[in-house]
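As provided, coords-v7.cif (mmCIF, C-alpha atoms; chains and numbers go by the auth columns) reads as follows.
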```cif
data_upload
#
loop_
_atom_site.group_PDB
_atom_site.id
_atom_site.type_symbol
_atom_site.label_atom_id
_atom_site.label_comp_id
_atom_site.label_asym_id
_atom_site.label_seq_id
_atom_site.Cartn_x
_atom_site.Cartn_y
_atom_site.Cartn_z
_atom_site.B_iso_or_equiv
_atom_site.auth_seq_id
_atom_site.auth_asym_id
ATOM 1 C CA MET A 1 0.000 0.000 0.000 0.00 1048 H
ATOM 2 C CA ASP A 2 1.524 3.338 -0.979 0.00 1049 H
ATOM 3 C CA ALA A 3 1.108 6.701 0.785 0.00 1050 H
ATOM 4 C CA SER A 4 -1.596 7.880 -1.631 0.00 1051 H
ATOM 5 C CA THR A 5 -3.914 4.978 -0.767 0.00 1052 H
ATOM 6 C CA ALA A 6 -3.090 4.815 2.965 0.00 1053 H
ATOM 7 C CA ARG A 7 -5.808 5.855 5.385 0.00 1054 H
ATOM 8 C CA VAL A 8 -4.739 8.918 7.387 0.00 1055 H
ATOM 9 C CA GLN A 9 -5.541 8.830 11.101 0.00 1056 H
ATOM 10 C CA HIS A 10 -5.015 10.982 14.155 0.00 1057 H
ATOM 11 C CA PRO A 11 -2.221 9.805 16.436 0.00 1058 H
ATOM 12 C CA PRO A 12 -3.086 9.555 20.137 0.00 1059 H
ATOM 13 C CA CYS A 13 -1.821 12.702 21.885 0.00 1060 H
ATOM 14 C CA LYS A 14 -1.502 14.166 25.364 0.00 1061 H
ATOM 15 C CA TRP A 15 -1.051 17.809 26.296 0.00 1062 H
ATOM 16 C CA ALA A 16 -0.033 19.778 29.348 0.00 1063 H
ATOM 17 C CA GLN A 17 0.688 23.393 30.109 0.00 1064 H
ATOM 18 C CA ARG A 18 2.733 25.559 32.406 0.00 1065 H
ATOM 19 C CA ALA A 19 2.434 29.304 32.924 0.00 1066 H
ATOM 20 C CA ASP A 20 4.525 29.989 29.811 0.00 1067 H
ATOM 21 C CA THR A 21 4.661 26.657 27.946 0.00 1068 H
ATOM 22 C CA VAL A 22 2.440 24.178 26.100 0.00 1069 H
ATOM 23 C CA ILE A 23 3.650 20.554 25.884 0.00 1070 H
ATOM 24 C CA ILE A 24 2.230 18.131 23.302 0.00 1071 H
ATOM 25 C CA THR A 25 3.183 14.450 23.240 0.00 1072 H
ATOM 26 C CA ILE A 26 2.383 12.531 20.052 0.00 1073 H
ATOM 27 C CA ASN A 27 2.294 8.778 20.702 0.00 1074 H
ATOM 28 C CA VAL A 28 3.478 6.987 17.563 0.00 1075 H
ATOM 29 C CA GLU A 29 6.055 4.219 17.765 0.00 1076 H
ATOM 30 C CA ASP A 30 8.896 4.062 15.260 0.00 1077 H
ATOM 31 C CA ILE A 31 8.232 7.419 13.609 0.00 1078 H
ATOM 32 C CA GLU A 32 10.051 7.436 10.295 0.00 1079 H
ATOM 33 C CA LYS A 33 12.560 10.158 9.504 0.00 1080 H
ATOM 34 C CA GLU A 34 10.354 11.881 6.920 0.00 1081 H
ATOM 35 C CA GLN A 35 8.045 13.328 9.563 0.00 1082 H
ATOM 36 C CA ARG A 36 6.784 16.887 9.087 0.00 1083 H
ATOM 37 C CA VAL A 37 6.148 19.272 11.959 0.00 1084 H
ATOM 38 C CA GLU A 38 4.979 22.743 10.979 0.00 1085 H
ATOM 39 C CA VAL A 39 4.125 25.283 13.655 0.00 1086 H
ATOM 40 C CA GLU A 40 2.579 28.654 12.995 0.00 1087 H
ATOM 41 C CA ASP A 41 1.648 31.026 15.792 0.00 1088 H
ATOM 42 C CA ASN A 42 -1.940 29.753 15.784 0.00 1089 H
ATOM 43 C CA ARG A 43 -1.666 26.286 14.155 0.00 1090 H
ATOM 44 C CA LEU A 44 0.097 22.911 14.381 0.00 1091 H
ATOM 45 C CA PHE A 45 0.492 20.516 11.462 0.00 1092 H
ATOM 46 C CA PHE A 46 2.098 17.104 11.957 0.00 1093 H
ATOM 47 C CA HIS A 47 2.478 14.279 9.414 0.00 1094 H
ATOM 48 C CA CYS A 48 4.391 10.999 9.657 0.00 1095 H
ATOM 49 C CA LYS A 49 4.444 7.289 8.987 0.00 1096 H
ATOM 50 C CA GLY A 50 4.971 5.063 11.980 0.00 1097 H
ATOM 51 C CA GLY A 51 4.029 2.066 14.028 0.00 1098 H
ATOM 52 C CA HIS A 52 4.552 -1.550 13.044 0.00 1099 H
ATOM 53 C CA GLU A 53 2.254 -1.242 10.005 0.00 1100 H
ATOM 54 C CA HIS A 54 3.826 2.073 8.876 0.00 1101 H
ATOM 55 C CA LEU A 55 0.466 3.828 9.002 0.00 1102 H
ATOM 56 C CA VAL A 56 0.053 7.487 8.040 0.00 1103 H
ATOM 57 C CA TYR A 57 -0.703 9.808 10.983 0.00 1104 H
ATOM 58 C CA GLU A 58 -1.657 13.441 10.741 0.00 1105 H
ATOM 59 C CA LEU A 59 -2.681 16.336 12.985 0.00 1106 H
ATOM 60 C CA ASP A 60 -3.874 19.727 11.820 0.00 1107 H
ATOM 61 C CA PHE A 61 -5.479 22.059 14.342 0.00 1108 H
ATOM 62 C CA LYS A 62 -5.541 25.649 15.550 0.00 1109 H
ATOM 63 C CA PHE A 63 -4.300 26.438 19.055 0.00 1110 H
ATOM 64 C CA PHE A 64 -6.624 27.958 21.668 0.00 1111 H
ATOM 65 C CA LYS A 65 -4.309 31.016 21.736 0.00 1112 H
ATOM 66 C CA GLU A 66 -1.105 31.913 19.940 0.00 1113 H
ATOM 67 C CA VAL A 67 2.283 30.322 20.587 0.00 1114 H
ATOM 68 C CA ASP A 68 5.770 31.479 19.649 0.00 1115 H
ATOM 69 C CA SER A 69 6.394 29.269 16.619 0.00 1116 H
ATOM 70 C CA LYS A 70 10.150 29.934 16.771 0.00 1117 H
ATOM 71 C CA SER A 71 10.362 28.416 20.262 0.00 1118 H
ATOM 72 C CA LEU A 72 9.558 24.872 19.072 0.00 1119 H
ATOM 73 C CA ARG A 73 11.596 22.163 20.823 0.00 1120 H
ATOM 74 C CA LYS A 74 11.292 18.524 19.710 0.00 1121 H
ATOM 75 C CA MET A 75 12.225 15.560 21.898 0.00 1122 H
ATOM 76 C CA PRO A 76 11.878 12.263 20.009 0.00 1123 H
ATOM 77 C CA THR A 77 12.028 8.855 21.660 0.00 1124 H
ATOM 78 C CA GLY A 78 11.299 5.437 20.200 0.00 1125 H
ATOM 79 C CA ARG A 79 7.666 5.599 21.305 0.00 1126 H
ATOM 80 C CA GLU A 80 6.685 9.252 21.059 0.00 1127 H
ATOM 81 C CA LEU A 81 7.533 12.752 19.936 0.00 1128 H
ATOM 82 C CA THR A 82 7.210 15.530 22.506 0.00 1129 H
ATOM 83 C CA LEU A 83 6.843 19.125 21.344 0.00 1130 H
ATOM 84 C CA ALA A 84 7.193 22.130 23.635 0.00 1131 H
ATOM 85 C CA LEU A 85 6.218 25.656 22.665 0.00 1132 H
ATOM 86 C CA LYS A 86 6.265 28.927 24.534 0.00 1133 H
ATOM 87 C CA LYS A 87 2.964 30.758 24.810 0.00 1134 H
ATOM 88 C CA LYS A 88 2.886 34.170 23.136 0.00 1135 H
ATOM 89 C CA GLU A 89 1.217 35.694 26.212 0.00 1136 H
ATOM 90 C CA PRO A 90 2.827 33.916 29.197 0.00 1137 H
ATOM 91 C CA GLY A 91 1.161 35.970 31.947 0.00 1138 H
ATOM 92 C CA THR A 92 -2.424 35.331 30.856 0.00 1139 H
ATOM 93 C CA PRO A 93 -4.753 32.780 32.467 0.00 1140 H
ATOM 94 C CA PHE A 94 -4.197 29.123 31.673 0.00 1141 H
ATOM 95 C CA TRP A 95 -5.861 27.755 28.570 0.00 1142 H
ATOM 96 C CA PRO A 96 -9.044 25.760 29.174 0.00 1143 H
ATOM 97 C CA ARG A 97 -8.154 23.514 26.182 0.00 1144 H
ATOM 98 C CA LEU A 98 -5.403 23.049 23.603 0.00 1145 H
ATOM 99 C CA CYS A 99 -7.462 23.477 20.443 0.00 1146 H
ATOM 100 C CA GLU A 100 -9.453 26.469 19.292 0.00 1147 H
ATOM 101 C CA SER A 101 -12.449 24.213 18.667 0.00 1148 H
ATOM 102 C CA LYS A 102 -14.681 23.505 21.671 0.00 1149 H
ATOM 103 C CA ASP A 103 -15.498 20.050 20.285 0.00 1150 H
ATOM 104 C CA LYS A 104 -14.073 17.072 22.177 0.00 1151 H
ATOM 105 C CA GLN A 105 -11.063 15.683 20.350 0.00 1152 H
ATOM 106 C CA HIS A 106 -11.146 11.875 20.685 0.00 1153 H
ATOM 107 C CA TRP A 107 -7.396 11.641 20.035 0.00 1154 H
ATOM 108 C CA LEU A 108 -6.378 14.181 22.720 0.00 1155 H
ATOM 109 C CA LYS A 109 -6.019 13.656 26.481 0.00 1156 H
ATOM 110 C CA VAL A 110 -4.516 15.651 29.345 0.00 1157 H
ATOM 111 C CA ASP A 111 -0.971 14.687 30.382 0.00 1158 H
ATOM 112 C CA PHE A 112 -1.353 14.910 34.151 0.00 1159 H
ATOM 113 C CA SER A 113 2.257 13.832 34.745 0.00 1160 H
ATOM 114 C CA ARG A 114 3.487 17.114 33.215 0.00 1161 H
ATOM 115 C CA TRP A 115 0.611 19.422 34.128 0.00 1162 H
ATOM 116 C CA LYS A 116 1.066 22.456 36.382 0.00 1163 H
ATOM 117 C CA ASP A 117 -2.011 24.373 37.521 0.00 1164 H
ATOM 118 C CA GLU A 118 -2.196 28.145 37.806 0.00 1165 H
ATOM 119 C CA ASP A 119 -2.559 27.926 41.569 0.00 1166 H
ATOM 120 C CA ASP A 120 0.265 25.413 42.154 0.00 1167 H
ATOM 121 C CA SER A 121 2.293 26.898 44.982 0.00 1168 H
ATOM 122 C CA ASP A 122 5.458 24.879 44.371 0.00 1169 H
ATOM 123 C CA VAL A 123 7.357 26.960 41.840 0.00 1170 H
ATOM 124 C CA GLU A 124 9.977 25.140 39.775 0.00 1171 H
ATOM 125 C CA GLU A 125 13.429 25.756 41.202 0.00 1172 H
ATOM 126 C CA ASP A 126 15.089 26.815 37.961 0.00 1173 H
ATOM 127 C CA GLY A 127 12.016 27.930 36.038 0.00 1174 H
ATOM 128 C CA SER A 128 13.779 28.374 32.688 0.00 1175 H
ATOM 129 C CA PHE A 129 12.368 26.891 29.496 0.00 1176 H
ATOM 130 C CA GLU A 130 15.627 25.104 28.648 0.00 1177 H
ATOM 131 C CA ASP A 131 15.921 23.522 32.104 0.00 1178 H
ATOM 132 C CA MET A 132 12.334 22.294 31.882 0.00 1179 H
ATOM 133 C CA MET A 133 13.136 20.693 28.525 0.00 1180 H
ATOM 134 C CA LYS A 134 16.164 18.912 30.021 0.00 1181 H
ATOM 135 C CA LYS A 135 13.982 17.539 32.810 0.00 1182 H
ATOM 136 C CA MET A 136 11.383 16.304 30.338 0.00 1183 H
ATOM 137 C CA GLY A 137 13.981 14.290 28.475 0.00 1184 H
ATOM 138 C CA GLY A 138 14.734 12.237 31.571 0.00 1185 H
ATOM 139 C CA GLY A 139 11.136 11.592 32.527 0.00 1186 H
ATOM 140 C CA VAL A 140 9.460 12.399 35.807 0.00 1187 H
ATOM 141 C CA PRO A 141 11.820 12.985 38.763 0.00 1188 H
ATOM 142 C CA GLN A 142 11.591 10.304 41.434 0.00 1189 H
ATOM 143 C CA GLU A 143 10.281 12.784 44.039 0.00 1190 H
ATOM 144 C CA GLU A 144 7.282 13.568 41.793 0.00 1191 H
ATOM 145 C CA MET A 145 6.605 9.884 41.130 0.00 1192 H
ATOM 146 C CA LEU A 146 6.546 9.166 44.861 0.00 1193 H
ATOM 147 C CA GLY A 147 4.215 12.102 45.463 0.00 1194 H
ATOM 148 C CA GLY A 148 6.430 13.588 48.175 0.00 1195 H
ATOM 149 C CA LEU A 149 6.519 10.519 50.477 0.00 1196 H
ATOM 150 C CA ASP A 150 9.096 10.781 53.239 0.00 1197 H
ATOM 151 C CA ASP A 151 11.196 7.815 54.301 0.00 1198 H
ATOM 152 C CA GLU A 152 9.365 7.797 57.628 0.00 1199 H
ATOM 153 C CA GLN A 153 5.917 7.538 56.058 0.00 1200 H
ATOM 154 C CA GLU A 154 4.630 4.026 55.469 0.00 1201 H
ATOM 155 C CA ASP A 155 2.965 2.968 52.287 0.00 1202 H
ATOM 156 C CA SER A 156 0.076 0.500 52.546 0.00 1203 H
ATOM 157 C CA ASP A 157 2.113 -1.886 50.360 0.00 1204 H
ATOM 158 C CA ASP A 158 4.815 -2.034 53.068 0.00 1205 H
ATOM 159 C CA GLU A 159 2.637 -3.965 55.525 0.00 1206 H
ATOM 160 C CA GLU A 160 3.452 -7.629 56.019 0.00 1207 H
ATOM 161 C CA LEU A 161 0.895 -10.132 54.825 0.00 1208 H
ATOM 162 C CA PRO A 162 -0.117 -13.148 56.941 0.00 1209 H
ATOM 163 C CA ASP A 163 1.253 -16.552 55.929 0.00 1210 H
ATOM 164 C CA LEU A 164 -0.954 -18.714 53.716 0.00 1211 H
ATOM 165 C CA GLU A 165 -2.275 -21.861 55.375 0.00 1212 H
#
```

I need this file expressed as structure tokens, please.
Amino acid sequence: MDASTARVQHPPCKWAQRADTVIITINVEDIEKEQRVEVEDNRLFFHCKGGHEHLVYELDFKFFKEVDSKSLRKMPTGRELTLALKKKEPGTPFWPRLCESKDKQHWLKVDFSRWKDEDDSDVEEDGSFEDMMKKMGGGVPQEEMLGGLDDEQEDSDDEELPDLE
């Protein structure tokens, strides 16, 4: 099957935001090198072949508000492509959704592991865009994965189970 007869589908995506940044993770395994990512201040276009069947995936949507298209950072892994973009108006209220359209996008979910709310009191230590990108490359820090558990706190999984009879 060639590219002209292949069925185009939306790749599964997750998104998160910070005060000044929007993060989009496109979940396609084995993205081929001929991928296309085009970012305009109000629009994202993505096209690739990937997965075990080399299917054609495509996204084309307008952002809720404008981004700085020149700030695009791409972080590819074997299973996904993460895009980070600075918001054009970083001091404004958080976006209620990623896309301009109010319709529910079946292919888009919230990435709670990277999400920061407006009212989060714990400010990132370094706060710079580049440092955040470095952190994203290594995954979630262990402190965040543990949810702030101290060594002295017991987890319910730590309790001993009675012997089987």

Neighbour list for region 1060-1070 of chain H as a ChimeraX atom specification, cut-off 6 Å, all atoms listed in the file, skip fewer than 2 positions in-chain: /H:1072-1074,1130-1134,1137,1154-1158,1161-1163

Output for the residues just chosen: C-alpha atoms as a PDB file, in the coordinates of the input:
```
ATOM      1  CA  THR H1072       3.183  14.450  23.240  1.00  0.00           C
ATOM      2  CA  ILE H1073       2.383  12.531  20.052  1.00  0.00           C
ATOM      3  CA  ASN H1074       2.294   8.778  20.702  1.00  0.00           C
ATOM      4  CA  LEU H1130       6.843  19.125  21.344  1.00  0.00           C
ATOM      5  CA  ALA H1131       7.193  22.130  23.635  1.00  0.00           C
ATOM      6  CA  LEU H1132       6.218  25.656  22.665  1.00  0.00           C
ATOM      7  CA  LYS H1133       6.265  28.927  24.534  1.00  0.00           C
ATOM      8  CA  LYS H1134       2.964  30.758  24.810  1.00  0.00           C
ATOM      9  CA  PRO H1137       2.827  33.916  29.197  1.00  0.00           C
ATOM     10  CA  TRP H1154      -7.396  11.641  20.035  1.00  0.00           C
ATOM     11  CA  LEU H1155      -6.378  14.181  22.720  1.00  0.00           C
ATOM     12  CA  LYS H1156      -6.019  13.656  26.481  1.00  0.00           C
ATOM     13  CA  VAL H1157      -4.516  15.651  29.345  1.00  0.00           C
ATOM     14  CA  ASP H1158      -0.971  14.687  30.382  1.00  0.00           C
ATOM     15  CA  ARG H1161       3.487  17.114  33.215  1.00  0.00           C
ATOM     16  CA  TRP H1162       0.611  19.422  34.128  1.00  0.00           C
ATOM     17  CA  LYS H1163       1.066  22.456  36.382  1.00  0.00           C
TER      18      LYS H1163
END
```

Please evaluate the PyMOL selection byres ((chain H and resi 1087-1089) around 7) against the displayed coordinates and give the resulting residues as a PyMOL selection string. chain H and resi 1085-1086+1090-1091+1109-1110+1112-1116

Report, in Å to a single decimal, how far apart CA of Gln1056 (chain H) and CA of Phe1141 (chain H) are.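 Between CA of Phe1141 (chain H) and CA of Gln1056 (chain H) the gap works out to 28.9 Å.
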
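The space separating CA of Ser1160 (chain H) from CA of Val1055 (chain H) comes to 28.7 Å.
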
Skip region 1121-1126 of chain H itself and residues of its chain fewer than 3 positions away, then list as a list in words all residues within 6 Å of it, counting all atoms listed in the file.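 Here the answer would be Val1075, Glu1076, Asp1077, Thr1129 and Leu1130 of chain H.
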
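Atom pair CA of Arg1120 (chain H) / CA of Lys1096 (chain H) has a distance of 20.3 Å (rounded to one decimal).
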
For region 1078-1097 of chain H, what centre and edge lengths in Å (one decimal) does the axis-aligned box get once 5 Å is added on each side of all its listed atoms, as lines of an AutoDock Vina configuration file?
```
center_x = 5.3
center_y = 18.0
center_z = 11.4
size_x = 24.5
size_y = 36.0
size_z = 18.9
```

Distance criterion (only C-alpha atoms): nearest to Glu1105 (chain H) out of H:Leu1208, H:Leu1145, H:Val1084, H:Leu1128: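 Among H:Leu1208, H:Leu1145, H:Val1084, H:Leu1128, it is H:Val1084 that comes nearest to Glu1105 (chain H).
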
Selection dump of the PyMOL selection byres ((chain H and resi 1079) around 8), as an MDAnalysis selection string: chainID H and resid 1077:1078 1080:1082 1095:1097

Taking all atoms listed in the file into account, name the residue in H:Phe1093, H:Phe1111, H:Tyr1104, H:Phe1159 that is nearest to Glu1136 (chain H).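 Of H:Phe1093, H:Phe1111, H:Tyr1104, H:Phe1159, the one nearest Glu1136 (chain H), counting all atoms listed in the file, is H:Phe1111.
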